[in-house]
$ cat work_6.cif   # mmCIF, C-alpha atoms
data_work
loop_
_atom_site.group_PDB
_atom_site.id
_atom_site.type_symbol
_atom_site.label_atom_id
_atom_site.label_comp_id
_atom_site.auth_asym_id
_atom_site.auth_seq_id
_atom_site.Cartn_x
_atom_site.Cartn_y
_atom_site.Cartn_z
ATOM 1 C CA MET M 1 12.354 -16.663 30.442
ATOM 2 C CA THR M 2 14.722 -18.076 33.034
ATOM 3 C CA SER M 3 13.745 -18.765 36.598
ATOM 4 C CA THR M 4 15.717 -17.341 39.480
ATOM 5 C CA SER M 5 14.250 -19.770 42.008
ATOM 6 C CA ALA M 6 16.273 -22.691 43.302
ATOM 7 C CA PRO M 7 15.536 -26.191 41.942
ATOM 8 C CA PRO M 8 12.989 -28.029 44.158
ATOM 9 C CA GLY M 9 15.557 -30.276 45.894
ATOM 10 C CA LEU M 10 17.791 -27.330 46.654
ATOM 11 C CA ALA M 11 14.812 -25.303 47.856
ATOM 12 C CA ARG M 12 13.878 -28.151 50.249
ATOM 13 C CA PHE M 13 17.454 -28.288 51.528
ATOM 14 C CA ASN M 14 17.640 -24.507 51.900
ATOM 15 C CA ALA M 15 14.395 -24.507 53.912
ATOM 16 C CA LEU M 16 15.933 -26.733 56.592
ATOM 17 C CA GLU M 17 16.995 -25.220 59.891
ATOM 18 C CA GLU M 18 20.767 -25.390 60.377
ATOM 19 C CA GLN M 19 20.630 -28.428 62.703
ATOM 20 C CA ALA M 20 18.377 -30.341 60.298
ATOM 21 C CA ALA M 21 20.663 -29.411 57.393
ATOM 22 C CA LEU M 22 23.621 -30.606 59.447
ATOM 23 C CA ALA M 23 21.937 -33.966 60.071
ATOM 24 C CA VAL M 24 21.172 -34.423 56.364
ATOM 25 C CA LEU M 25 24.714 -33.487 55.404
ATOM 26 C CA ARG M 26 26.170 -35.909 57.972
ATOM 27 C CA GLU M 27 24.308 -38.672 56.107
ATOM 28 C CA ALA M 28 26.213 -37.660 52.976
ATOM 29 C CA CYS M 29 29.585 -37.422 54.747
ATOM 30 C CA ALA M 30 30.423 -38.454 58.302
ATOM 31 C CA CYS M 31 32.842 -35.550 58.761
ATOM 32 C CA THR M 32 31.527 -33.035 61.296
ATOM 33 C CA ALA M 33 33.719 -30.186 60.014
ATOM 34 C CA TRP M 34 32.621 -30.645 56.377
ATOM 35 C CA ALA M 35 28.934 -30.882 57.257
ATOM 36 C CA GLY M 36 29.195 -27.951 59.653
ATOM 37 C CA ARG M 37 30.740 -25.668 57.045
ATOM 38 C CA LEU M 38 28.079 -26.523 54.483
ATOM 39 C CA ALA M 39 25.177 -26.214 56.929
ATOM 40 C CA ALA M 40 26.420 -22.884 58.265
ATOM 41 C CA ALA M 41 26.720 -21.456 54.745
ATOM 42 C CA HIS M 42 23.250 -22.446 53.562
ATOM 43 C CA PRO M 43 21.032 -21.382 51.850
ATOM 44 C CA TYR M 44 22.633 -21.851 48.440
ATOM 45 C CA THR M 45 21.522 -20.135 45.245
ATOM 46 C CA THR M 46 22.386 -23.032 42.917
ATOM 47 C CA ALA M 47 23.462 -26.653 43.147
ATOM 48 C CA ASP M 48 26.831 -25.562 41.749
ATOM 49 C CA ASP M 49 27.207 -23.202 44.724
ATOM 50 C CA LEU M 50 26.615 -26.145 47.068
ATOM 51 C CA TYR M 51 29.137 -28.298 45.195
ATOM 52 C CA ALA M 52 31.711 -25.484 45.275
ATOM 53 C CA ALA M 53 31.167 -25.061 49.016
ATOM 54 C CA SER M 54 31.636 -28.818 49.418
ATOM 55 C CA ASP M 55 34.901 -28.727 47.479
ATOM 56 C CA ALA M 56 36.161 -25.749 49.491
ATOM 57 C CA ALA M 57 35.260 -27.391 52.801
ATOM 58 C CA LEU M 58 36.917 -30.623 51.697
ATOM 59 C CA ALA M 59 40.140 -28.797 50.834
ATOM 60 C CA GLU M 60 40.312 -27.461 54.399
ATOM 61 C CA LEU M 61 39.868 -30.794 56.168
ATOM 62 C CA THR M 62 42.615 -31.854 58.509
ATOM 63 C CA ALA M 63 44.008 -35.379 58.666
ATOM 64 C CA ALA M 64 41.729 -36.023 61.667
ATOM 65 C CA ASP M 65 38.723 -34.734 59.698
ATOM 66 C CA LEU M 66 39.562 -37.106 56.838
ATOM 67 C CA GLN M 67 39.818 -39.982 59.330
ATOM 68 C CA GLU M 68 36.347 -39.107 60.629
ATOM 69 C CA ALA M 69 34.953 -39.033 57.089
ATOM 70 C CA MET M 70 36.534 -42.369 56.191
ATOM 71 C CA ALA M 71 35.179 -43.985 59.344
ATOM 72 C CA GLY M 72 31.733 -43.479 57.839
ATOM 73 C CA HIS M 73 32.555 -45.708 54.861
ATOM 74 C CA PRO M 74 32.443 -49.500 54.996
ATOM 75 C CA PRO M 75 35.177 -51.531 53.306
ATOM 76 C CA ILE M 76 34.699 -52.258 49.621
ATOM 77 C CA GLY M 77 32.887 -55.560 49.278
ATOM 78 C CA ARG M 78 31.192 -55.255 52.660
ATOM 79 C CA PRO M 79 28.447 -52.614 52.469
ATOM 80 C CA ARG M 80 26.703 -51.916 55.754
ATOM 81 C CA PRO M 81 23.548 -53.992 56.200
ATOM 82 C CA GLY M 82 20.504 -51.780 55.834
ATOM 83 C CA ASP M 83 22.533 -48.936 54.290
ATOM 84 C CA PRO M 84 21.124 -48.341 50.811
ATOM 85 C CA ALA M 85 23.828 -45.770 49.949
ATOM 86 C CA SER M 86 26.746 -48.144 50.499
ATOM 87 C CA ALA M 87 24.911 -51.005 48.760
ATOM 88 C CA ARG M 88 24.104 -48.758 45.778
ATOM 89 C CA GLU M 89 27.622 -47.353 45.577
ATOM 90 C CA GLN M 90 29.259 -50.757 45.838
ATOM 91 C CA ARG M 91 26.913 -52.417 43.360
ATOM 92 C CA GLY M 92 29.934 -53.407 41.267
ATOM 93 C CA MET M 93 30.880 -55.953 43.937
ATOM 94 C CA ALA M 94 27.405 -57.504 44.119
ATOM 95 C CA ALA M 95 28.090 -60.088 41.410
ATOM 96 C CA ALA M 96 31.767 -60.583 42.272
ATOM 97 C CA SER M 97 33.082 -64.112 42.469
ATOM 98 C CA GLU M 98 33.975 -65.590 45.836
ATOM 99 C CA GLU M 99 37.630 -65.471 44.754
ATOM 100 C CA LEU M 100 37.403 -61.712 44.070
ATOM 101 C CA ARG M 101 35.613 -61.125 47.382
ATOM 102 C CA GLU M 102 38.339 -62.993 49.259
ATOM 103 C CA GLU M 103 41.067 -61.084 47.437
ATOM 104 C CA MET M 104 39.345 -57.769 48.243
ATOM 105 C CA LEU M 105 39.126 -58.738 51.908
ATOM 106 C CA GLU M 106 42.845 -59.511 52.013
ATOM 107 C CA LEU M 107 43.768 -56.337 50.123
ATOM 108 C CA ASN M 108 41.452 -54.213 52.293
ATOM 109 C CA LEU M 109 43.093 -55.565 55.444
ATOM 110 C CA ALA M 110 46.604 -54.967 54.087
ATOM 111 C CA TYR M 111 45.643 -51.431 53.029
ATOM 112 C CA GLN M 112 44.082 -50.677 56.403
ATOM 113 C CA GLU M 113 47.159 -51.997 58.191
ATOM 114 C CA LYS M 114 49.447 -49.800 56.080
ATOM 115 C CA PHE M 115 47.407 -46.581 56.107
ATOM 116 C CA GLY M 116 45.306 -46.921 59.259
ATOM 117 C CA HIS M 117 41.976 -46.415 57.515
ATOM 118 C CA VAL M 118 39.562 -48.005 55.099
ATOM 119 C CA PHE M 119 40.375 -48.013 51.369
ATOM 120 C CA LEU M 120 38.239 -45.182 50.011
ATOM 121 C CA ILE M 121 37.272 -45.062 46.358
ATOM 122 C CA CYS M 122 34.326 -43.614 44.517
ATOM 123 C CA ALA M 123 32.877 -47.032 43.722
ATOM 124 C CA THR M 124 29.858 -45.762 41.788
ATOM 125 C CA GLY M 125 29.937 -47.219 38.285
ATOM 126 C CA ARG M 126 33.036 -49.346 38.891
ATOM 127 C CA THR M 127 33.226 -53.103 38.583
ATOM 128 C CA GLY M 128 34.655 -55.266 41.316
ATOM 129 C CA GLU M 129 37.714 -55.872 39.186
ATOM 130 C CA GLN M 130 38.258 -52.139 38.673
ATOM 131 C CA MET M 131 38.071 -51.531 42.417
ATOM 132 C CA ARG M 132 40.482 -54.403 43.071
ATOM 133 C CA ASP M 133 42.914 -53.082 40.475
ATOM 134 C CA ALA M 134 42.780 -49.594 42.018
ATOM 135 C CA LEU M 135 43.394 -51.060 45.454
ATOM 136 C CA ARG M 136 46.346 -53.088 44.187
ATOM 137 C CA GLU M 137 47.827 -49.958 42.631
ATOM 138 C CA ARG M 138 47.178 -47.591 45.527
ATOM 139 C CA ILE M 139 48.498 -49.870 48.275
ATOM 140 C CA GLY M 140 51.989 -49.042 46.993
ATOM 141 C CA ASN M 141 51.516 -45.292 47.485
ATOM 142 C CA ALA M 142 53.318 -43.223 50.068
ATOM 143 C CA PRO M 143 50.962 -42.091 52.870
ATOM 144 C CA GLU M 144 51.063 -38.437 51.740
ATOM 145 C CA ARG M 145 50.122 -39.359 48.175
ATOM 146 C CA GLU M 146 47.375 -41.677 49.345
ATOM 147 C CA ARG M 147 45.905 -38.983 51.610
ATOM 148 C CA GLU M 148 45.512 -36.687 48.593
ATOM 149 C CA ILE M 149 43.914 -39.452 46.526
ATOM 150 C CA VAL M 150 41.530 -40.150 49.421
ATOM 151 C CA ARG M 151 40.604 -36.456 49.535
ATOM 152 C CA THR M 152 39.839 -36.520 45.788
ATOM 153 C CA GLU M 153 37.798 -39.721 46.048
ATOM 154 C CA LEU M 154 35.872 -38.339 49.037
ATOM 155 C CA GLY M 155 35.069 -35.234 47.003
ATOM 156 C CA ARG M 156 33.638 -37.389 44.207
ATOM 157 C CA ILE M 157 31.554 -39.404 46.661
ATOM 158 C CA ASN M 158 30.284 -36.266 48.384
ATOM 159 C CA ARG M 159 29.238 -34.672 45.076
ATOM 160 C CA ILE M 160 27.318 -37.816 44.063
ATOM 161 C CA ARG M 161 25.597 -37.957 47.429
ATOM 162 C CA LEU M 162 24.775 -34.242 47.360
ATOM 163 C CA ALA M 163 23.298 -34.638 43.870
ATOM 164 C CA ARG M 164 21.120 -37.512 45.140
ATOM 165 C CA LEU M 165 20.055 -35.350 48.065
ATOM 166 C CA LEU M 166 19.019 -32.564 45.722
ATOM 167 C CA ASP M 167 17.217 -35.037 43.465
ATOM 168 C CA GLY M 168 15.183 -36.178 46.460
ATOM 169 C CA GLY M 169 16.841 -39.606 46.655
ATOM 170 C CA GLY M 170 18.617 -39.005 49.951
ATOM 171 C CA ALA M 171 22.350 -39.161 50.430
#
$ encode --input "work_6.cif" --output "structure tokens"
Amino acid sequence: MTSTSAPPGLARFNALEEQAALAVLREACACTAWAGRLAAAHPYTTADDLYAASDAALAELTAADLQEAMAGHPPIGRPRPGDPASAREQRGMAAASEELREEMLELNLAYQEKFGHVFLICATGRTGEQMRDALRERIGNAPEREREIVRTELGRINRIRLARLLDGGGA
């Protein structure tokens, strides 16, 4: 026998009033437009429906929306104090050497100067060296190419954070 009820985490999310859902979603992604689309469309039947809605909302984000989303992410190697999500996601930098940390700071600054925003990468499961190598590679991209990579990376981050939300671990 299969159950037609939503998993407990999804049921908790679905039970939220729209404004409360919006607040929870803004913890997952700082973009008002993305969170607004997802909150307005809830309740969701399955987690996959929520993820699909996230992907669809992400595809519609403007350049300004992407800027807003990226502003909610600290630079790699400098998670926000007291922010367990950024510390957890950037765990690969926790044991990085001082030399790697300094190099990441320099690369982050050069990237931000070139593109006007923080280097965004789905850092979950990556080592400090892998993040550095990705940054070295991506700093040579044209702005249009980099914007599409950022959109893809943001989608990965959002899915991970939504899954944590549904698992009861918060965004």
$ atom_distance --input "work_6.cif" --atom1 "CA of Leu154 (chain M)" --atom2 "CA of Gln67 (chain M)"
11.1 Å
$ atom_distance --input "work_6.cif" --atom1 "CA of Pro74 (chain M)" --atom2 "CA of Ala87 (chain M)"
9.9 Å
$ atom_distance --input "work_6.cif" --atom1 "CA of Arg126 (chain M)" --atom2 "CA of Gly92 (chain M)"
5.6 Å
$ closest_residue --input "work_6.cif" --among "M:Ile76, M:Ala21, M:Arg26, M:Leu165" --to "Ala134 (chain M)" --atoms "all atoms listed in the file"
M:Ile76
$ closest_residue --input "work_6.cif" --among "M:Asn141, M:Thr32, M:Gln90, M:Ser97" --to "Leu66 (chain M)" --atoms "only C-alpha atoms"
M:Thr32
$ residues_near_point --input "work_6.cif" --point "(42.1, -40.6, 55.9)" --cutoff "7 Å" --atoms "all atoms listed in the file" --output "list in words"
Ala63, Leu66, Gln67, Met70, His117, Arg147 and Val150 of chain M
$ write_last_selection --input "work_6.cif" --atoms "C-alpha atoms" --output "compact mmCIF listing (two decimals), keeping the file's coordinate frame"
# COMPACT_ATOMS: atom_id res chain seq x y z
CA ALA M 63 44.01 -35.38 58.67
CA LEU M 66 39.56 -37.11 56.84
CA GLN M 67 39.82 -39.98 59.33
CA MET M 70 36.53 -42.37 56.19
CA HIS M 117 41.98 -46.42 57.52
CA ARG M 147 45.90 -38.98 51.61
CA VAL M 150 41.53 -40.15 49.42
$ closest_residue --input "work_6.cif" --among "M:Ala53, M:Asn158, M:Gly77, M:Leu38" --to "Glu102 (chain M)" --atoms "all atoms listed in the file"
M:Gly77
$ resolve_selection --input "work_6.cif" --expression "the PyMOL selection byres ((chain M and resi 161) around 9)" --output "PDB file with C-alpha atoms, keeping the file's coordinate frame"
ATOM      1  CA  GLU M  27      24.308 -38.672  56.107  1.00  0.00           C
ATOM      2  CA  ALA M  28      26.213 -37.660  52.976  1.00  0.00           C
ATOM      3  CA  CYS M  29      29.585 -37.422  54.747  1.00  0.00           C
ATOM      4  CA  ALA M  85      23.828 -45.770  49.949  1.00  0.00           C
ATOM      5  CA  ARG M 156      33.638 -37.389  44.207  1.00  0.00           C
ATOM      6  CA  ILE M 157      31.554 -39.404  46.661  1.00  0.00           C
ATOM      7  CA  ASN M 158      30.284 -36.266  48.384  1.00  0.00           C
ATOM      8  CA  ARG M 159      29.238 -34.672  45.076  1.00  0.00           C
ATOM      9  CA  ILE M 160      27.318 -37.816  44.063  1.00  0.00           C
ATOM     10  CA  LEU M 162      24.775 -34.242  47.360  1.00  0.00           C
ATOM     11  CA  ALA M 163      23.298 -34.638  43.870  1.00  0.00           C
ATOM     12  CA  ARG M 164      21.120 -37.512  45.140  1.00  0.00           C
ATOM     13  CA  LEU M 165      20.055 -35.350  48.065  1.00  0.00           C
ATOM     14  CA  LEU M 166      19.019 -32.564  45.722  1.00  0.00           C
ATOM     15  CA  GLY M 169      16.841 -39.606  46.655  1.00  0.00           C
ATOM     16  CA  GLY M 170      18.617 -39.005  49.951  1.00  0.00           C
ATOM     17  CA  ALA M 171      22.350 -39.161  50.430  1.00  0.00           C
TER      18      ALA M 171
END
$ residues_around --input "work_6.cif" --residues "Met131 (chain M)" --least-positions-apart "2" --cutoff "12 Å" --atoms "all atoms listed in the file" --output "number ranges by chain"
M: 75-77, 89-93, 96, 100-101, 103-105, 107-108, 119-129, 133-138
$ resolve_selection --input "work_6.cif" --expression "the PyMOL selection byres ((chain M and resi 57) around 9)" --output "list in words"
Ala33, Trp34, Ala35, Arg37, Leu38, Ala52, Ala53, Ser54, Asp55, Ala56, Leu58, Ala59, Glu60 and Leu61 of chain M
$ write_last_selection --input "work_6.cif" --atoms "C-alpha atoms" --output "mmCIF file, in the frame of the given file"
data_model
loop_
_atom_site.group_PDB
_atom_site.id
_atom_site.type_symbol
_atom_site.label_atom_id
_atom_site.label_comp_id
_atom_site.auth_asym_id
_atom_site.auth_seq_id
_atom_site.Cartn_x
_atom_site.Cartn_y
_atom_site.Cartn_z
ATOM 1 C CA ALA M 33 33.719 -30.186 60.014
ATOM 2 C CA TRP M 34 32.621 -30.645 56.377
ATOM 3 C CA ALA M 35 28.934 -30.882 57.257
ATOM 4 C CA ARG M 37 30.740 -25.668 57.045
ATOM 5 C CA LEU M 38 28.079 -26.523 54.483
ATOM 6 C CA ALA M 52 31.711 -25.484 45.275
ATOM 7 C CA ALA M 53 31.167 -25.061 49.016
ATOM 8 C CA SER M 54 31.636 -28.818 49.418
ATOM 9 C CA ASP M 55 34.901 -28.727 47.479
ATOM 10 C CA ALA M 56 36.161 -25.749 49.491
ATOM 11 C CA LEU M 58 36.917 -30.623 51.697
ATOM 12 C CA ALA M 59 40.140 -28.797 50.834
ATOM 13 C CA GLU M 60 40.312 -27.461 54.399
ATOM 14 C CA LEU M 61 39.868 -30.794 56.168
#
$ closest_residue --input "work_6.cif" --among "M:Asn14, M:Thr45, M:Thr62, M:Gln19" --to "Cys31 (chain M)" --atoms "only C-alpha atoms"
M:Thr62
$ closest_residue --input "work_6.cif" --among "M:Ala69, M:Ala95, M:Ala23, M:Ile139" --to "Gly155 (chain M)" --atoms "all atoms listed in the file"
M:Ala69
$ decode --input "work_6.cif" --residues "region 81-94 of chain M" --atoms "all heavy atoms" --output "PDB file, in the first residue's frame"
ATOM      1  N   PRO M  81      29.792  34.420  10.467  1.00  0.00           N
ATOM      2  CA  PRO M  81      29.783  33.977  11.866  1.00  0.00           C
ATOM      3  C   PRO M  81      28.339  33.737  12.326  1.00  0.00           C
ATOM      4  O   PRO M  81      27.444  34.533  12.040  1.00  0.00           O
ATOM      5  CB  PRO M  81      30.399  35.159  12.626  1.00  0.00           C
ATOM      6  CG  PRO M  81      31.194  35.904  11.595  1.00  0.00           C
ATOM      7  CD  PRO M  81      30.451  35.719  10.301  1.00  0.00           C
ATOM      8  N   GLY M  82      28.143  32.621  12.996  1.00  0.00           N
ATOM      9  CA  GLY M  82      26.821  32.291  13.502  1.00  0.00           C
ATOM     10  C   GLY M  82      25.855  31.757  12.462  1.00  0.00           C
ATOM     11  O   GLY M  82      24.684  31.552  12.750  1.00  0.00           O
ATOM     12  N   ASP M  83      26.336  31.531  11.229  1.00  0.00           N
ATOM     13  CA  ASP M  83      25.479  31.007  10.165  1.00  0.00           C
ATOM     14  C   ASP M  83      25.850  29.545   9.927  1.00  0.00           C
ATOM     15  O   ASP M  83      26.818  29.253   9.225  1.00  0.00           O
ATOM     16  CB  ASP M  83      25.664  31.826   8.890  1.00  0.00           C
ATOM     17  CG  ASP M  83      24.827  31.327   7.723  1.00  0.00           C
ATOM     18  OD1 ASP M  83      24.114  30.310   7.862  1.00  0.00           O
ATOM     19  OD2 ASP M  83      24.888  31.957   6.651  1.00  0.00           O
ATOM     20  N   PRO M  84      25.071  28.626  10.523  1.00  0.00           N
ATOM     21  CA  PRO M  84      25.437  27.213  10.382  1.00  0.00           C
ATOM     22  C   PRO M  84      25.374  26.714   8.939  1.00  0.00           C
ATOM     23  O   PRO M  84      26.132  25.824   8.567  1.00  0.00           O
ATOM     24  CB  PRO M  84      24.429  26.483  11.270  1.00  0.00           C
ATOM     25  CG  PRO M  84      23.312  27.440  11.496  1.00  0.00           C
ATOM     26  CD  PRO M  84      23.870  28.820  11.323  1.00  0.00           C
ATOM     27  N   ALA M  85      24.486  27.280   8.111  1.00  0.00           N
ATOM     28  CA  ALA M  85      24.386  26.825   6.720  1.00  0.00           C
ATOM     29  C   ALA M  85      25.670  27.121   5.962  1.00  0.00           C
ATOM     30  O   ALA M  85      26.216  26.240   5.291  1.00  0.00           O
ATOM     31  CB  ALA M  85      23.182  27.468   6.023  1.00  0.00           C
ATOM     32  N   SER M  86      26.178  28.354   6.063  1.00  0.00           N
ATOM     33  CA  SER M  86      27.392  28.672   5.303  1.00  0.00           C
ATOM     34  C   SER M  86      28.593  27.912   5.862  1.00  0.00           C
ATOM     35  O   SER M  86      29.452  27.471   5.103  1.00  0.00           O
ATOM     36  CB  SER M  86      27.649  30.178   5.239  1.00  0.00           C
ATOM     37  OG  SER M  86      27.971  30.716   6.494  1.00  0.00           O
ATOM     38  N   ALA M  87      28.657  27.728   7.187  1.00  0.00           N
ATOM     39  CA  ALA M  87      29.761  26.958   7.760  1.00  0.00           C
ATOM     40  C   ALA M  87      29.701  25.505   7.293  1.00  0.00           C
ATOM     41  O   ALA M  87      30.722  24.922   6.927  1.00  0.00           O
ATOM     42  CB  ALA M  87      29.721  27.035   9.284  1.00  0.00           C
ATOM     43  N   ARG M  88      28.504  24.929   7.278  1.00  0.00           N
ATOM     44  CA  ARG M  88      28.330  23.535   6.849  1.00  0.00           C
ATOM     45  C   ARG M  88      28.689  23.392   5.370  1.00  0.00           C
ATOM     46  O   ARG M  88      29.398  22.479   4.971  1.00  0.00           O
ATOM     47  CB  ARG M  88      26.885  23.102   7.097  1.00  0.00           C
ATOM     48  CG  ARG M  88      26.554  21.689   6.695  1.00  0.00           C
ATOM     49  CD  ARG M  88      25.091  21.320   6.976  1.00  0.00           C
ATOM     50  NE  ARG M  88      24.148  22.241   6.353  1.00  0.00           N
ATOM     51  CZ  ARG M  88      23.411  23.145   7.011  1.00  0.00           C
ATOM     52  NH1 ARG M  88      23.499  23.264   8.311  1.00  0.00           N
ATOM     53  NH2 ARG M  88      22.589  23.945   6.362  1.00  0.00           N
ATOM     54  N   GLU M  89      28.202  24.309   4.564  1.00  0.00           N
ATOM     55  CA  GLU M  89      28.419  24.222   3.119  1.00  0.00           C
ATOM     56  C   GLU M  89      29.874  24.455   2.741  1.00  0.00           C
ATOM     57  O   GLU M  89      30.348  23.894   1.755  1.00  0.00           O
ATOM     58  CB  GLU M  89      27.503  25.217   2.405  1.00  0.00           C
ATOM     59  CG  GLU M  89      26.046  24.827   2.520  1.00  0.00           C
ATOM     60  CD  GLU M  89      25.066  25.909   2.108  1.00  0.00           C
ATOM     61  OE1 GLU M  89      25.488  27.054   1.854  1.00  0.00           O
ATOM     62  OE2 GLU M  89      23.874  25.602   2.058  1.00  0.00           O
ATOM     63  N   GLN M  90      30.565  25.270   3.512  1.00  0.00           N
ATOM     64  CA  GLN M  90      31.957  25.569   3.204  1.00  0.00           C
ATOM     65  C   GLN M  90      32.936  24.740   4.038  1.00  0.00           C
ATOM     66  O   GLN M  90      34.104  25.088   4.161  1.00  0.00           O
ATOM     67  CB  GLN M  90      32.228  27.056   3.424  1.00  0.00           C
ATOM     68  CG  GLN M  90      31.505  27.952   2.455  1.00  0.00           C
ATOM     69  CD  GLN M  90      32.015  29.373   2.521  1.00  0.00           C
ATOM     70  OE1 GLN M  90      33.170  29.623   2.854  1.00  0.00           O
ATOM     71  NE2 GLN M  90      31.159  30.320   2.200  1.00  0.00           N
ATOM     72  N   ARG M  91      32.472  23.648   4.563  1.00  0.00           N
ATOM     73  CA  ARG M  91      33.287  22.798   5.430  1.00  0.00           C
ATOM     74  C   ARG M  91      34.615  22.422   4.770  1.00  0.00           C
ATOM     75  O   ARG M  91      35.619  22.235   5.442  1.00  0.00           O
ATOM     76  CB  ARG M  91      32.498  21.542   5.793  1.00  0.00           C
ATOM     77  CG  ARG M  91      33.135  20.691   6.841  1.00  0.00           C
ATOM     78  CD  ARG M  91      32.314  19.462   7.186  1.00  0.00           C
ATOM     79  NE  ARG M  91      30.964  19.485   6.679  1.00  0.00           N
ATOM     80  CZ  ARG M  91      29.863  19.421   7.431  1.00  0.00           C
ATOM     81  NH1 ARG M  91      29.961  19.318   8.714  1.00  0.00           N
ATOM     82  NH2 ARG M  91      28.670  19.432   6.882  1.00  0.00           N
ATOM     83  N   GLY M  92      34.641  22.331   3.466  1.00  0.00           N
ATOM     84  CA  GLY M  92      35.861  21.974   2.750  1.00  0.00           C
ATOM     85  C   GLY M  92      36.988  22.971   2.925  1.00  0.00           C
ATOM     86  O   GLY M  92      38.152  22.646   2.708  1.00  0.00           O
ATOM     87  N   MET M  93      36.670  24.185   3.357  1.00  0.00           N
ATOM     88  CA  MET M  93      37.697  25.201   3.600  1.00  0.00           C
ATOM     89  C   MET M  93      38.157  25.209   5.057  1.00  0.00           C
ATOM     90  O   MET M  93      39.144  25.863   5.384  1.00  0.00           O
ATOM     91  CB  MET M  93      37.173  26.594   3.238  1.00  0.00           C
ATOM     92  CG  MET M  93      37.085  26.866   1.757  1.00  0.00           C
ATOM     93  SD  MET M  93      38.683  26.854   0.905  1.00  0.00           S
ATOM     94  CE  MET M  93      39.510  28.247   1.670  1.00  0.00           C
ATOM     95  N   ALA M  94      37.467  24.482   5.913  1.00  0.00           N
ATOM     96  CA  ALA M  94      37.759  24.535   7.350  1.00  0.00           C
ATOM     97  C   ALA M  94      39.199  24.137   7.671  1.00  0.00           C
ATOM     98  O   ALA M  94      39.823  24.727   8.550  1.00  0.00           O
ATOM     99  CB  ALA M  94      36.780  23.657   8.123  1.00  0.00           C
TER     100      ALA M  94
END
